[in-house]
Amino acid sequence: GLLVPPGVAHGFVTLRSATVTYLVNNYYDGTDEHGVAWDDPDLSVPWGVESPVVSSRDTSNPLFRDIPGHLRPI
């Protein structure tokens, strides 16, 4: 059968300090967690902030076009 990768691409921007809480239906397993560059020019996300504070983890994510197709969210 056809294997379709699960997942979504999501990002958050806040204008002040915030805590994001995820509700899930299973225990966390980081082996299937991936990221995409927050400033990917092909995606051109209009974040609406001039000088964002971005975590070191998020600054090291690859461009979407460099992520193997089987790992991309659909």
# chains A, B, ... in the order shown; residues from 1 in each chain; ligands from 1
>>> select_by_dssp(residues="chain A", states="alpha helix (DSSP H)", output="PyMOL selection string")
chain A and resi 56-59
>>> write_last_selection(atoms="N, CA and C atoms", output="PDB file, in the first residue's frame")
ATOM      1  N   SER A  56      18.110  28.108  19.283  1.00  0.00           N
ATOM      2  CA  SER A  56      19.232  27.537  18.529  1.00  0.00           C
ATOM      3  C   SER A  56      18.772  26.299  17.764  1.00  0.00           C
ATOM      4  N   ARG A  57      17.870  25.549  18.328  1.00  0.00           N
ATOM      5  CA  ARG A  57      17.334  24.377  17.635  1.00  0.00           C
ATOM      6  C   ARG A  57      16.649  24.792  16.330  1.00  0.00           C
ATOM      7  N   ASP A  58      15.835  25.839  16.386  1.00  0.00           N
ATOM      8  CA  ASP A  58      15.094  26.249  15.202  1.00  0.00           C
ATOM      9  C   ASP A  58      15.959  26.959  14.164  1.00  0.00           C
ATOM     10  N   THR A  59      17.071  27.546  14.576  1.00  0.00           N
ATOM     11  CA  THR A  59      17.952  28.184  13.598  1.00  0.00           C
ATOM     12  C   THR A  59      18.771  27.167  12.811  1.00  0.00           C
TER      13      THR A  59
END
>>> residues_around(residues="His34 of chain A", least_positions_apart="3", cutoff="10 Å", atoms="only C-alpha atoms", output="PyMOL selection string")
chain A and resi 7+9+30-31+61-62+67+71-73
>>> residues_around(residues="Ser51 of chain A", least_positions_apart="2", cutoff="12 Å", atoms="only C-alpha atoms", output="PDB file with C-alpha atoms, in the first residue's frame")
ATOM      1  CA  VAL A  13       5.126  33.806  17.014  1.00  0.00           C
ATOM      2  CA  LEU A  15       4.733  39.436  21.003  1.00  0.00           C
ATOM      3  CA  ASP A  39      13.005  31.854   7.512  1.00  0.00           C
ATOM      4  CA  TRP A  47       5.890  36.357  10.717  1.00  0.00           C
ATOM      5  CA  GLY A  48       5.200  40.059  11.256  1.00  0.00           C
ATOM      6  CA  VAL A  49       8.188  40.751  13.513  1.00  0.00           C
ATOM      7  CA  VAL A  53      14.233  35.619  18.981  1.00  0.00           C
ATOM      8  CA  VAL A  54      14.666  32.116  17.586  1.00  0.00           C
TER       9      VAL A  54
END
>>> closest_residue(among="A:Thr14, A:Tyr22, A:Pro68, A:Ser60", to="Gly35 of chain A", atoms="only C-alpha atoms")
A:Ser60
>>> atom_distance(atom1="atom CA of Ser55 of chain A", atom2="atom CA of Asp42 of chain A")
20.8 Å
